[in-house]
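Chemist: File follows, run-v2.pdb with PDB, C-alpha atoms, pLDDT in the B column:
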```pdb
ATOM      1  CA  MET Y   1     131.905 202.109  90.639  1.00 90.00           C
ATOM      2  CA  ASP Y   2     130.547 205.500  91.617  1.00 94.00           C
ATOM      3  CA  ASN Y   3     130.241 208.908  89.958  1.00 93.00           C
ATOM      4  CA  VAL Y   4     133.781 209.898  90.992  1.00 96.00           C
ATOM      5  CA  ASP Y   5     135.186 206.806  89.224  1.00 96.00           C
ATOM      6  CA  ARG Y   6     133.070 207.602  86.161  1.00 95.00           C
ATOM      7  CA  ARG Y   7     134.283 211.204  86.061  1.00 96.00           C
ATOM      8  CA  ILE Y   8     137.921 210.062  86.342  1.00 97.00           C
ATOM      9  CA  LEU Y   9     137.387 207.580  83.494  1.00 97.00           C
ATOM     10  CA  GLU Y  10     135.743 210.196  81.284  1.00 95.00           C
ATOM     11  CA  GLU Y  11     138.613 212.628  81.791  1.00 95.00           C
ATOM     12  CA  LEU Y  12     141.308 209.985  81.215  1.00 95.00           C
ATOM     13  CA  GLN Y  13     139.645 208.904  77.988  1.00 94.00           C
ATOM     14  CA  LEU Y  14     139.869 212.461  76.719  1.00 93.00           C
ATOM     15  CA  ASP Y  15     143.534 212.748  77.723  1.00 94.00           C
ATOM     16  CA  ALA Y  16     145.422 209.975  79.533  1.00 94.00           C
ATOM     17  CA  ARG Y  17     148.114 212.519  80.437  1.00 95.00           C
ATOM     18  CA  THR Y  18     145.746 214.549  82.625  1.00 96.00           C
ATOM     19  CA  PRO Y  19     147.607 215.356  85.858  1.00 96.00           C
ATOM     20  CA  ILE Y  20     146.285 213.850  89.102  1.00 96.00           C
ATOM     21  CA  ALA Y  21     145.660 217.357  90.496  1.00 97.00           C
ATOM     22  CA  LEU Y  22     143.364 218.216  87.575  1.00 96.00           C
ATOM     23  CA  LEU Y  23     141.610 214.832  87.795  1.00 96.00           C
ATOM     24  CA  SER Y  24     141.035 215.493  91.490  1.00 97.00           C
ATOM     25  CA  GLU Y  25     139.567 218.895  90.753  1.00 96.00           C
ATOM     26  CA  LYS Y  26     137.272 217.649  87.970  1.00 95.00           C
ATOM     27  CA  ALA Y  27     136.107 214.630  90.012  1.00 95.00           C
ATOM     28  CA  ASN Y  28     135.747 216.688  93.193  1.00 96.00           C
ATOM     29  CA  ALA Y  29     137.945 214.263  95.153  1.00 96.00           C
ATOM     30  CA  SER Y  30     141.284 214.411  96.934  1.00 97.00           C
ATOM     31  CA  THR Y  31     144.465 213.536  95.052  1.00 97.00           C
ATOM     32  CA  ALA Y  32     145.042 210.568  97.392  1.00 97.00           C
ATOM     33  CA  SER Y  33     141.529 209.290  96.649  1.00 97.00           C
ATOM     34  CA  VAL Y  34     142.056 209.664  92.896  1.00 97.00           C
ATOM     35  CA  GLN Y  35     145.385 207.810  93.096  1.00 97.00           C
ATOM     36  CA  ARG Y  36     143.761 204.925  95.030  1.00 97.00           C
ATOM     37  CA  ARG Y  37     140.870 204.803  92.590  1.00 97.00           C
ATOM     38  CA  LEU Y  38     143.188 204.781  89.576  1.00 97.00           C
ATOM     39  CA  LYS Y  39     145.184 201.920  91.091  1.00 97.00           C
ATOM     40  CA  ARG Y  40     141.974 199.931  91.695  1.00 97.00           C
ATOM     41  CA  LEU Y  41     140.589 200.691  88.203  1.00 97.00           C
ATOM     42  CA  ARG Y  42     143.858 199.521  86.604  1.00 97.00           C
ATOM     43  CA  GLU Y  43     144.213 196.390  88.751  1.00 97.00           C
ATOM     44  CA  SER Y  44     140.585 195.357  88.208  1.00 97.00           C
ATOM     45  CA  GLY Y  45     140.923 195.712  84.424  1.00 97.00           C
ATOM     46  CA  VAL Y  46     138.415 198.548  84.028  1.00 97.00           C
ATOM     47  CA  ILE Y  47     141.331 200.550  82.621  1.00 97.00           C
ATOM     48  CA  GLN Y  48     142.782 198.058  80.161  1.00 95.00           C
ATOM     49  CA  SER Y  49     145.626 200.219  78.846  1.00 93.00           C
ATOM     50  CA  GLU Y  50     146.675 203.815  78.325  1.00 92.00           C
ATOM     51  CA  ASN Y  51     147.799 204.400  74.743  1.00 90.00           C
ATOM     52  CA  ALA Y  52     148.487 207.102  72.218  1.00 89.00           C
ATOM     53  CA  ILE Y  53     145.869 207.056  69.457  1.00 90.00           C
ATOM     54  CA  VAL Y  54     147.601 207.386  66.096  1.00 92.00           C
ATOM     55  CA  ASP Y  55     145.884 208.505  62.901  1.00 93.00           C
ATOM     56  CA  PRO Y  56     146.527 205.586  60.482  1.00 96.00           C
ATOM     57  CA  GLU Y  57     146.638 207.891  57.439  1.00 95.00           C
ATOM     58  CA  ALA Y  58     149.277 210.089  59.079  1.00 96.00           C
ATOM     59  CA  VAL Y  59     151.639 207.098  59.227  1.00 97.00           C
ATOM     60  CA  GLY Y  60     150.917 205.723  55.765  1.00 97.00           C
ATOM     61  CA  TYR Y  61     147.846 203.478  56.124  1.00 98.00           C
ATOM     62  CA  GLU Y  62     145.488 204.887  53.510  1.00 97.00           C
ATOM     63  CA  VAL Y  63     143.046 201.948  53.323  1.00 98.00           C
ATOM     64  CA  THR Y  64     140.571 200.880  55.998  1.00 98.00           C
ATOM     65  CA  ALA Y  65     138.617 197.708  55.265  1.00 98.00           C
ATOM     66  CA  VAL Y  66     135.595 196.283  57.071  1.00 98.00           C
ATOM     67  CA  ILE Y  67     135.621 192.544  56.468  1.00 98.00           C
ATOM     68  CA  SER Y  68     132.952 189.923  57.210  1.00 98.00           C
ATOM     69  CA  VAL Y  69     134.390 186.443  57.596  1.00 98.00           C
ATOM     70  CA  ASP Y  70     132.647 183.067  57.428  1.00 97.00           C
ATOM     71  CA  LEU Y  71     134.502 180.046  58.762  1.00 97.00           C
ATOM     72  CA  GLU Y  72     134.173 176.573  57.273  1.00 95.00           C
ATOM     73  CA  ARG Y  73     134.012 174.861  60.675  1.00 89.00           C
ATOM     74  CA  ASP Y  74     132.704 176.389  63.920  1.00 86.00           C
ATOM     75  CA  ARG Y  75     134.579 174.028  66.244  1.00 91.00           C
ATOM     76  CA  ILE Y  76     135.961 175.773  69.318  1.00 95.00           C
ATOM     77  CA  ASP Y  77     139.588 174.927  68.463  1.00 95.00           C
ATOM     78  CA  GLU Y  78     139.188 176.306  64.924  1.00 94.00           C
ATOM     79  CA  THR Y  79     137.446 179.464  66.148  1.00 95.00           C
ATOM     80  CA  ASP Y  80     140.096 179.980  68.832  1.00 97.00           C
ATOM     81  CA  ALA Y  81     142.856 179.555  66.238  1.00 96.00           C
ATOM     82  CA  PHE Y  82     141.283 182.298  64.102  1.00 97.00           C
ATOM     83  CA  LYS Y  83     140.990 184.583  67.139  1.00 98.00           C
ATOM     84  CA  ARG Y  84     144.674 184.019  68.017  1.00 97.00           C
ATOM     85  CA  ARG Y  85     145.746 184.865  64.456  1.00 97.00           C
ATOM     86  CA  ALA Y  86     143.642 188.039  64.478  1.00 98.00           C
ATOM     87  CA  LYS Y  87     145.117 189.128  67.826  1.00 98.00           C
ATOM     88  CA  LYS Y  88     148.675 188.648  66.521  1.00 98.00           C
ATOM     89  CA  GLU Y  89     148.137 190.430  63.185  1.00 98.00           C
ATOM     90  CA  PRO Y  90     149.109 194.124  63.523  1.00 97.00           C
ATOM     91  CA  GLN Y  91     146.955 195.232  60.575  1.00 98.00           C
ATOM     92  CA  VAL Y  92     143.807 193.888  62.276  1.00 98.00           C
ATOM     93  CA  GLN Y  93     142.639 196.845  64.359  1.00 97.00           C
ATOM     94  CA  HIS Y  94     139.409 195.248  65.606  1.00 97.00           C
ATOM     95  CA  CYS Y  95     138.107 191.690  65.581  1.00 98.00           C
ATOM     96  CA  TYR Y  96     134.570 190.891  66.661  1.00 98.00           C
ATOM     97  CA  CYS Y  97     133.025 187.440  66.941  1.00 97.00           C
ATOM     98  CA  VAL Y  98     129.454 188.153  65.827  1.00 97.00           C
ATOM     99  CA  ALA Y  99     126.038 186.528  65.677  1.00 94.00           C
ATOM    100  CA  GLY Y 100     124.109 186.702  62.434  1.00 90.00           C
ATOM    101  CA  GLY Y 101     125.241 186.261  58.858  1.00 90.00           C
ATOM    102  CA  SER Y 102     128.984 186.016  59.513  1.00 96.00           C
ATOM    103  CA  ASP Y 103     131.249 184.520  62.144  1.00 97.00           C
ATOM    104  CA  PHE Y 104     133.621 187.502  62.489  1.00 98.00           C
ATOM    105  CA  VAL Y 105     133.890 191.136  61.499  1.00 98.00           C
ATOM    106  CA  LEU Y 106     137.373 192.648  61.192  1.00 98.00           C
ATOM    107  CA  ILE Y 107     138.568 196.226  60.785  1.00 98.00           C
ATOM    108  CA  VAL Y 108     141.858 196.125  58.898  1.00 98.00           C
ATOM    109  CA  ILE Y 109     144.251 198.864  57.818  1.00 98.00           C
ATOM    110  CA  ALA Y 110     146.562 198.693  54.817  1.00 98.00           C
ATOM    111  CA  LYS Y 111     149.053 201.034  53.171  1.00 98.00           C
ATOM    112  CA  ASN Y 112     147.287 200.753  49.808  1.00 98.00           C
ATOM    113  CA  MET Y 113     145.250 198.257  47.788  1.00 98.00           C
ATOM    114  CA  LYS Y 114     148.326 196.203  46.909  1.00 98.00           C
ATOM    115  CA  ASP Y 115     149.124 195.896  50.629  1.00 98.00           C
ATOM    116  CA  TYR Y 116     145.481 194.961  51.308  1.00 98.00           C
ATOM    117  CA  GLU Y 117     145.674 192.245  48.655  1.00 98.00           C
ATOM    118  CA  ALA Y 118     148.842 190.874  50.259  1.00 98.00           C
ATOM    119  CA  PHE Y 119     147.053 190.862  53.625  1.00 98.00           C
ATOM    120  CA  THR Y 120     144.111 188.871  52.215  1.00 98.00           C
ATOM    121  CA  HIS Y 121     146.426 186.280  50.693  1.00 97.00           C
ATOM    122  CA  ARG Y 122     148.408 185.915  53.906  1.00 96.00           C
ATOM    123  CA  PHE Y 123     145.485 186.016  56.322  1.00 97.00           C
ATOM    124  CA  PHE Y 124     142.533 184.466  54.479  1.00 97.00           C
ATOM    125  CA  PHE Y 125     143.719 182.421  51.504  1.00 95.00           C
ATOM    126  CA  ASN Y 126     146.328 180.601  53.606  1.00 92.00           C
ATOM    127  CA  ASP Y 127     143.693 179.570  56.176  1.00 94.00           C
ATOM    128  CA  SER Y 128     141.790 176.464  55.076  1.00 94.00           C
ATOM    129  CA  ASN Y 129     139.069 177.208  57.638  1.00 96.00           C
ATOM    130  CA  VAL Y 130     138.048 180.527  56.018  1.00 97.00           C
ATOM    131  CA  ARG Y 131     135.066 179.697  53.795  1.00 97.00           C
ATOM    132  CA  ARG Y 132     134.652 183.218  52.460  1.00 97.00           C
ATOM    133  CA  PHE Y 133     135.173 186.849  53.306  1.00 98.00           C
ATOM    134  CA  GLN Y 134     133.511 190.001  52.055  1.00 98.00           C
ATOM    135  CA  THR Y 135     135.171 193.400  52.133  1.00 98.00           C
ATOM    136  CA  SER Y 136     133.838 196.935  52.274  1.00 98.00           C
ATOM    137  CA  ILE Y 137     136.436 199.666  51.786  1.00 98.00           C
ATOM    138  CA  ALA Y 138     135.930 202.826  53.834  1.00 97.00           C
ATOM    139  CA  VAL Y 139     135.729 205.888  51.592  1.00 97.00           C
ATOM    140  CA  SER Y 140     136.253 208.275  54.520  1.00 94.00           C
ATOM    141  CA  ARG Y 141     136.615 208.108  58.280  1.00 92.00           C
ATOM    142  CA  VAL Y 142     133.547 209.769  59.754  1.00 93.00           C
ATOM    143  CA  LYS Y 143     134.122 208.689  63.357  1.00 92.00           C
ATOM    144  CA  ALA Y 144     136.689 206.442  64.950  1.00 90.00           C
ATOM    145  CA  THR Y 145     136.877 206.503  68.718  1.00 90.00           C
ATOM    146  CA  THR Y 146     137.774 204.433  71.725  1.00 90.00           C
ATOM    147  CA  PHE Y 147     135.719 206.647  74.059  1.00 92.00           C
ATOM    148  CA  VAL Y 148     133.250 204.685  76.200  1.00 94.00           C
ATOM    149  CA  PRO Y 149     130.451 206.858  77.604  1.00 95.00           C
ATOM    150  CA  MET Y 150     129.875 206.312  81.312  1.00 94.00           C
ATOM    151  CA  ILE Y 151     126.498 204.897  82.286  1.00 90.00           C
ATOM    152  CA  LYS Y 152     125.041 206.666  85.270  1.00 81.00           C
ATOM    153  CA  GLY Y 153     123.310 204.206  87.501  1.00 68.00           C
ATOM    154  CA  ASN Y 154     123.493 202.214  90.679  1.00 57.00           C
ATOM    155  CA  GLU Y 155     126.408 203.066  92.900  1.00 53.00           C
ATOM    156  CA  THR Y 156     128.633 200.057  93.468  1.00 51.00           C
ATOM    157  CA  ASP Y 157     131.415 201.827  95.319  1.00 46.00           C
ATOM    158  CA  ARG Y 158     133.843 199.286  96.761  1.00 45.00           C
ATOM    159  CA  ASN Y 159     136.226 201.631  98.602  1.00 41.00           C
TER     160      ASN Y 159
END
```
Now that the file is in, can you turn its structure into structure tokens?
Modeler:
Amino acid sequence: MDNVDRRILEELQLDARTPIALLSEKANASTASVQRRLKRLRESGVIQSENAIVDPEAVGYEVTAVISVDLERDRIDETDAFKRRAKKEPQVQHCYCVAGGSDFVLIVIAKNMKDYEAFTHRFFFNDSNVRRFQTSIAVSRVKATTFVPMIKGNETDRN
């Protein structure tokens, strides 16, 4: 990855609808080069997806919860089962397997506290491998982003 790739990625993160011509201008590269680079970045998985970012509150999700989860058993099959459930659950926005005091940290959205309670019953209380969970409710959203800053460094251009 070189500086042209990084510039393309920065611009796309700001607006995935940026036209190729503008990307070419901002990255100081030809449109054909930018198209080839985009194809390579998508195929290699550097660009995982191109989505619209929706404000949860604007569509009725007023509660954001940060939840630490401790599992009863740390066997690989049990951990993998929890990961699969988290991936399938639409209200789980983020799921991190962590080192330290807990096994997982989840970011969960809910319409209201009643909806959050229903989520906990469905997701945690019905799972015999969840030892305990601890919730912090976000009072306000200070920053929520998917932007990944580009690290300037060694050129690994593979064109």
Chemist: Restricting the calculation to only C-alpha atoms, which member of Y:Asp70, Y:Glu78, Y:Thr31, Y:Gly45 is positioned closest to Gly100 in chain Y?
Modeler: Y:Asp70
Chemist: Which polymer residues, whether protein, DNA or RNA, lie within 8 Å of the coordinate (135.5, 193.7, 63.9) when you count only C-alpha atoms? List them as a list in words, using the chain letters and numbers from the file.
Modeler: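 These residues have at least one counted atom within 8 Å: Val66, Ile67, Gln93, His94, Cys95, Tyr96, Cys97, Phe104, Val105, Leu106 and Ile107 of chain Y.
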Chemist: Would you mind listing what lies within 10 Å of range 114-116 of chain Y as a PyMOL selection string, with all atoms listed in the file counted and same-chain residues fewer than 4 positions away left out?
Modeler: chain Y and resi 61+63-65+91+108-110+120-122
Chemist: Quote the spacing between CA of Ser128 in chain Y and CA of Arg73 in chain Y in Å to one decimal place.
Modeler: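 So the answer is 9.7 Å.
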Chemist: I'd like the residues picked by the PyMOL selection byres ((chain Y and resi 147-150) around 7) written out as a VMD selection string, using the chain letters and numbers from the file.
Modeler: chain Y and resid 6 13 145 to 146 151 to 152
Chemist: Please measure the separation of CA of Leu23 in chain Y and CA of Ile8 in chain Y, giving the value in Å to one decimal.
Modeler: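 Separating CA of Leu23 in chain Y from CA of Ile8 in chain Y is a distance of 6.2 Å.
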Chemist: Using the file's own x, y and z axes, so that the box edges lie along x, y and z, what centre and edge lengths in Å (one decimal) does a box around every listed atom of range 71-77 of chain Y get when 6 Å is added on each side? Give it as JSON.
Modeler:
```
{"center_x": 136.1, "center_y": 177.0, "center_z": 63.3, "size_x": 18.9, "size_y": 18.0, "size_z": 24.0}
```
Chemist: Pick out the closest residue to Val34 in chain Y from this set: Y:Asp77, Y:Glu57, Y:Glu50, Y:Asp5. Count all atoms listed in the file.
Modeler: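 Distance minimum relative to Val34 in chain Y lands on Y:Asp5.
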Chemist: For Ser68 in chain Y, which residue out of Y:Asn126, Y:Ser44, Y:Ser33, Y:Ser136 is the nearest one, using only C-alpha atoms?
Modeler: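 Checking each of Y:Asn126, Y:Ser44, Y:Ser33, Y:Ser136 against Ser68 in chain Y, counting only C-alpha atoms, the winner is Y:Ser136.
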Chemist: Using all atoms listed in the file for the distances, tell me which of Y:Arg17, Y:Thr135, Y:Met1, Y:Lys83 is nearest to Ala52 in chain Y.
Modeler: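 Ranked by minimum distance to Ala52 in chain Y, first place goes to Y:Arg17.
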Chemist: Separation of CA of Ser24 in chain Y and CA of Ile53 in chain Y, in Å?
Modeler: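 Value for the CA of Ser24 in chain Y-CA of Ile53 in chain Y distance: 24.1 Å.
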Chemist: Counting all atoms listed in the file, which residue out of Y:Ile76, Y:Val92, Y:Leu71, Y:Met113 sits closest to Asn129 in chain Y?
Modeler: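 Result for the nearest residue to Asn129 in chain Y: Y:Leu71.
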Chemist: List the spatial neighbours of range 14-16 of chain Y as a list in words - criterion: any atom at most 9 Å away, all atoms listed in the file, same-chain residues fewer than 2 positions off excluded.
Modeler: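 Counting all atoms listed in the file, the residues come to Leu9, Glu10, Glu11, Leu12, Thr18, Pro19, Glu50, Asn51, Ala52 and Phe147 of chain Y.
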Chemist: Using only C-alpha atoms, pick whichever of Y:Ala118, Y:Ala32, Y:Val130, Y:Ile47 has the shortest atom-to-atom distance to Thr79 in chain Y.
Modeler: Y:Val130
